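Quick notes on the structure that follows.
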Amino acid sequence: MGIVGQFYLKETSNGNIVGEFSNNLSDGIYSMSGDLLDGEGGFIGTYRVTWREKNEGIFTYLNISYLYDNNKLFKLTWTDSKKKELFEGEGMLCDDALIGNYRSS
């Protein structure tokens, strides 16, 4: 079994994202943040994200797009610097936060 987890993200007034996540391989809840590289706002775009695992910083890219044309569900894809997919997930908005789940690719 790969990694299966959950997250929430909030958008800052500058268009960046901050949030927390947990998964089936961890015993805690950890922080994640991302700087907007390109996008239209409202979570839609590409971010340079970072979090820590076992005291080591992890740096990836996160692309957030609409899952369907209805603009209510979101598709999230985390990739490394070589565009290899690491994680994929889905989310929805709740009280100005993007909440959802993810799994390793």
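Quick note on naming: the chains in the structure tokens go A, B, ... in the order shown, residues restart at 1 in each chain, and ligands are numbered from 1 in order of appearance.
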
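Proximity to range 87-96 of chain A at 7 Å, evaluated using only C-alpha atoms and with sequence-adjacent residues fewer than 5 positions away removed, yields A:Lys10, A:Lys72, A:Leu73, A:Phe74, A:Lys75, A:Leu76, A:Thr77, A:Trp78, A:Asn101, A:Tyr102, A:Arg103, A:Ser104, A:Ser105.
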
Hey, can you spit out that residue selection with all heavy atoms as a tab-separated table (two decimals), in the first residue's frame?
chain	number	residue	atom	x	y	z
A	10	LYS	N	-5.13	26.81	2.88
A	10	LYS	CA	-5.74	28.13	2.87
A	10	LYS	C	-4.90	29.03	1.99
A	10	LYS	O	-3.68	28.89	1.94
A	10	LYS	CB	-5.83	28.70	4.29
A	10	LYS	CG	-6.79	27.94	5.16
A	10	LYS	CD	-7.08	28.68	6.42
A	10	LYS	CE	-8.25	28.02	7.10
A	10	LYS	NZ	-9.06	28.96	7.82
A	72	LYS	N	-16.30	23.32	-8.76
A	72	LYS	CA	-16.56	23.02	-7.35
A	72	LYS	C	-15.61	21.98	-6.80
A	72	LYS	O	-15.42	21.91	-5.59
A	72	LYS	CB	-18.00	22.56	-7.17
A	72	LYS	CG	-18.98	23.66	-7.47
A	72	LYS	CD	-20.39	23.24	-7.20
A	72	LYS	CE	-21.30	24.37	-7.62
A	72	LYS	NZ	-22.49	24.48	-6.86
A	73	LEU	N	-15.03	21.16	-7.65
A	73	LEU	CA	-14.09	20.13	-7.22
A	73	LEU	C	-12.74	20.40	-7.86
A	73	LEU	O	-12.66	20.90	-8.98
A	73	LEU	CB	-14.59	18.74	-7.61
A	73	LEU	CG	-15.92	18.33	-6.97
A	73	LEU	CD1	-16.38	16.99	-7.53
A	73	LEU	CD2	-15.79	18.25	-5.45
A	74	PHE	N	-11.67	20.07	-7.14
A	74	PHE	CA	-10.32	20.39	-7.57
A	74	PHE	C	-9.48	19.13	-7.72
A	74	PHE	O	-9.65	18.16	-6.98
A	74	PHE	CB	-9.65	21.30	-6.53
A	74	PHE	CG	-10.32	22.63	-6.39
A	74	PHE	CD1	-11.46	22.77	-5.60
A	74	PHE	CD2	-9.83	23.74	-7.04
A	74	PHE	CE1	-12.08	23.99	-5.45
A	74	PHE	CE2	-10.44	24.97	-6.90
A	74	PHE	CZ	-11.57	25.10	-6.12
A	75	LYS	N	-8.57	19.18	-8.68
A	75	LYS	CA	-7.59	18.12	-8.90
A	75	LYS	C	-6.23	18.67	-8.48
A	75	LYS	O	-5.85	19.77	-8.88
A	75	LYS	CB	-7.55	17.72	-10.37
A	75	LYS	CG	-6.49	16.68	-10.68
A	75	LYS	CD	-6.46	16.35	-12.17
A	75	LYS	CE	-5.35	15.36	-12.45
A	75	LYS	NZ	-5.25	15.04	-13.87
A	76	LEU	N	-5.49	17.90	-7.68
A	76	LEU	CA	-4.17	18.31	-7.21
A	76	LEU	C	-3.15	17.27	-7.65
A	76	LEU	O	-3.38	16.07	-7.52
A	76	LEU	CB	-4.14	18.43	-5.69
A	76	LEU	CG	-5.01	19.53	-5.10
A	76	LEU	CD1	-6.41	19.03	-4.82
A	76	LEU	CD2	-4.40	20.07	-3.85
A	77	THR	N	-2.03	17.75	-8.19
A	77	THR	CA	-0.96	16.86	-8.63
A	77	THR	C	0.37	17.42	-8.14
A	77	THR	O	0.72	18.55	-8.46
A	77	THR	CB	-0.94	16.75	-10.17
A	77	THR	OG1	-2.23	16.37	-10.63
A	77	THR	CG2	0.09	15.71	-10.62
A	78	TRP	N	1.09	16.62	-7.35
A	78	TRP	CA	2.42	16.97	-6.87
A	78	TRP	C	3.45	16.30	-7.76
A	78	TRP	O	3.35	15.09	-8.02
A	78	TRP	CB	2.62	16.49	-5.44
A	78	TRP	CG	1.88	17.23	-4.39
A	78	TRP	CD1	2.36	18.22	-3.60
A	78	TRP	CD2	0.52	17.03	-3.95
A	78	TRP	NE1	1.40	18.65	-2.71
A	78	TRP	CE2	0.26	17.94	-2.90
A	78	TRP	CE3	-0.51	16.17	-4.37
A	78	TRP	CZ2	-0.97	18.01	-2.27
A	78	TRP	CZ3	-1.73	16.24	-3.74
A	78	TRP	CH2	-1.95	17.15	-2.69
A	101	ASN	N	-8.17	14.78	-0.09
A	101	ASN	CA	-7.35	13.61	0.16
A	101	ASN	C	-6.30	13.50	-0.93
A	101	ASN	O	-6.41	14.11	-1.98
A	101	ASN	CB	-8.22	12.35	0.20
A	101	ASN	CG	-8.93	12.12	-1.12
A	101	ASN	OD1	-8.30	11.87	-2.13
A	101	ASN	ND2	-10.25	12.22	-1.13
A	102	TYR	N	-5.28	12.70	-0.66
A	102	TYR	CA	-4.24	12.46	-1.65
A	102	TYR	C	-3.69	11.06	-1.49
A	102	TYR	O	-3.89	10.40	-0.47
A	102	TYR	CB	-3.12	13.52	-1.53
A	102	TYR	CG	-2.28	13.38	-0.30
A	102	TYR	CD1	-1.07	12.71	-0.33
A	102	TYR	CD2	-2.69	13.93	0.91
A	102	TYR	CE1	-0.29	12.58	0.82
A	102	TYR	CE2	-1.93	13.81	2.04
A	102	TYR	CZ	-0.73	13.14	2.00
A	102	TYR	OH	0.04	13.00	3.13
A	103	ARG	N	-3.00	10.60	-2.52
A	103	ARG	CA	-2.38	9.27	-2.51
A	103	ARG	C	-1.13	9.30	-3.36
A	103	ARG	O	-1.03	10.12	-4.29
A	103	ARG	CB	-3.36	8.22	-2.99
A	103	ARG	CG	-3.84	8.44	-4.41
A	103	ARG	CD	-5.24	7.87	-4.63
A	103	ARG	NE	-5.91	8.49	-5.76
A	103	ARG	CZ	-6.59	9.61	-5.75
A	103	ARG	NH1	-6.70	10.30	-4.64
A	103	ARG	NH2	-7.17	10.08	-6.81
A	104	SER	N	-0.21	8.43	-3.05
A	104	SER	CA	1.02	8.36	-3.86
A	104	SER	C	0.68	7.79	-5.22
A	104	SER	O	-0.24	7.00	-5.39
A	104	SER	CB	2.08	7.53	-3.16
A	104	SER	OG	1.60	6.24	-2.82
A	105	SER	N	1.45	8.22	-6.23
A	105	SER	CA	1.20	7.79	-7.61
A	105	SER	C	1.87	6.46	-7.89
A	105	SER	O	2.78	6.05	-7.26
A	105	SER	CB	1.75	8.83	-8.58
A	105	SER	OG	1.06	10.05	-8.37

*Got a sec to tell me which of chain A DSSP assigns to strand (DSSP E or B), as a ChimeraX atom specification?*
/A:4-11,17-23,30-41,44-53,56-66,73-79,85-94,97-104

Just-selected residues, C-alpha atoms written as an mmCIF file, in the first residue's frame:
data_model
loop_
_atom_site.group_PDB
_atom_site.id
_atom_site.type_symbol
_atom_site.label_atom_id
_atom_site.label_comp_id
_atom_site.auth_asym_id
_atom_site.auth_seq_id
_atom_site.Cartn_x
_atom_site.Cartn_y
_atom_site.Cartn_z
ATOM 1 C CA VAL A 4 -2.905 7.786 1.571
ATOM 2 C CA GLY A 5 -3.599 11.032 3.376
ATOM 3 C CA GLN A 6 -5.696 14.113 3.908
ATOM 4 C CA PHE A 7 -4.995 17.852 3.872
ATOM 5 C CA TYR A 8 -6.387 21.331 4.101
ATOM 6 C CA LEU A 9 -4.982 24.441 2.429
ATOM 7 C CA LYS A 10 -5.736 28.127 2.874
ATOM 8 C CA GLU A 11 -4.872 30.883 0.443
ATOM 9 C CA ILE A 17 -0.938 28.618 0.272
ATOM 10 C CA VAL A 18 -0.458 27.290 3.811
ATOM 11 C CA GLY A 19 -1.946 24.209 5.384
ATOM 12 C CA GLU A 20 -1.554 20.904 7.161
ATOM 13 C CA PHE A 21 -1.578 17.233 6.208
ATOM 14 C CA SER A 22 -1.362 13.734 7.648
ATOM 15 C CA ASN A 23 -1.152 10.274 6.130
ATOM 16 C CA TYR A 30 2.367 18.454 9.733
ATOM 17 C CA SER A 31 2.550 21.822 7.997
ATOM 18 C CA MET A 32 2.951 22.506 4.294
ATOM 19 C CA SER A 33 3.321 25.792 2.445
ATOM 20 C CA GLY A 34 3.613 26.896 -1.147
ATOM 21 C CA ASP A 35 4.530 29.947 -3.180
ATOM 22 C CA LEU A 36 2.395 30.715 -6.227
ATOM 23 C CA LEU A 37 4.476 30.491 -9.402
ATOM 24 C CA ASP A 38 1.742 30.860 -11.997
ATOM 25 C CA GLY A 39 -2.022 30.962 -11.737
ATOM 26 C CA GLU A 40 -5.265 32.819 -11.645
ATOM 27 C CA GLY A 41 -5.905 32.748 -7.889
ATOM 28 C CA ILE A 44 -5.921 27.520 -9.244
ATOM 29 C CA GLY A 45 -2.304 27.482 -10.360
ATOM 30 C CA THR A 46 1.162 26.024 -9.915
ATOM 31 C CA TYR A 47 2.982 26.320 -6.591
ATOM 32 C CA ARG A 48 6.459 25.534 -5.298
ATOM 33 C CA VAL A 49 5.629 23.644 -2.083
ATOM 34 C CA THR A 50 7.623 22.458 0.894
ATOM 35 C CA TRP A 51 7.111 20.306 3.971
ATOM 36 C CA ARG A 52 9.246 18.219 6.311
ATOM 37 C CA GLU A 53 9.591 14.472 6.576
ATOM 38 C CA GLU A 56 14.353 16.683 6.050
ATOM 39 C CA GLY A 57 12.870 19.423 3.868
ATOM 40 C CA ILE A 58 10.902 18.196 0.851
ATOM 41 C CA PHE A 59 10.486 20.527 -2.146
ATOM 42 C CA THR A 60 8.023 19.755 -4.954
ATOM 43 C CA TYR A 61 5.607 21.428 -7.331
ATOM 44 C CA LEU A 62 1.842 21.379 -6.871
ATOM 45 C CA ASN A 63 -0.600 22.018 -9.671
ATOM 46 C CA ILE A 64 -4.195 22.728 -8.709
ATOM 47 C CA SER A 65 -6.880 22.752 -11.390
ATOM 48 C CA TYR A 66 -10.619 22.171 -11.595
ATOM 49 C CA LEU A 73 -14.090 20.132 -7.219
ATOM 50 C CA PHE A 74 -10.321 20.386 -7.566
ATOM 51 C CA LYS A 75 -7.587 18.121 -8.898
ATOM 52 C CA LEU A 76 -4.170 18.309 -7.211
ATOM 53 C CA THR A 77 -0.960 16.863 -8.631
ATOM 54 C CA TRP A 78 2.420 16.975 -6.869
ATOM 55 C CA THR A 79 5.490 16.505 -9.103
ATOM 56 C CA GLU A 85 4.188 12.611 -10.576
ATOM 57 C CA LEU A 86 4.577 11.917 -6.837
ATOM 58 C CA PHE A 87 1.058 12.333 -5.465
ATOM 59 C CA GLU A 88 -2.433 12.978 -6.790
ATOM 60 C CA GLY A 89 -5.495 14.143 -4.953
ATOM 61 C CA GLU A 90 -8.913 15.704 -5.036
ATOM 62 C CA GLY A 91 -10.471 18.442 -2.953
ATOM 63 C CA MET A 92 -13.372 20.801 -2.392
ATOM 64 C CA LEU A 93 -13.885 24.157 -0.721
ATOM 65 C CA CYS A 94 -15.188 24.448 2.828
ATOM 66 C CA ALA A 97 -10.246 26.262 2.818
ATOM 67 C CA LEU A 98 -9.448 23.616 0.219
ATOM 68 C CA ILE A 99 -9.835 20.232 1.919
ATOM 69 C CA GLY A 100 -9.287 16.830 0.424
ATOM 70 C CA ASN A 101 -7.348 13.612 0.160
ATOM 71 C CA TYR A 102 -4.236 12.458 -1.649
ATOM 72 C CA ARG A 103 -2.385 9.272 -2.508
ATOM 73 C CA SER A 104 1.015 8.362 -3.855
#

_Under the rule that only C-alpha atoms are counted, which of A:Ser81, A:Gly42, A:Asn71, A:Lys54 is the nearest residue to Asn16 in chain A?_
A:Gly42

*Between CA of Ser26 in chain A and CA of Met1 in chain A - distance in Å to one decimal*: 13.9 Å
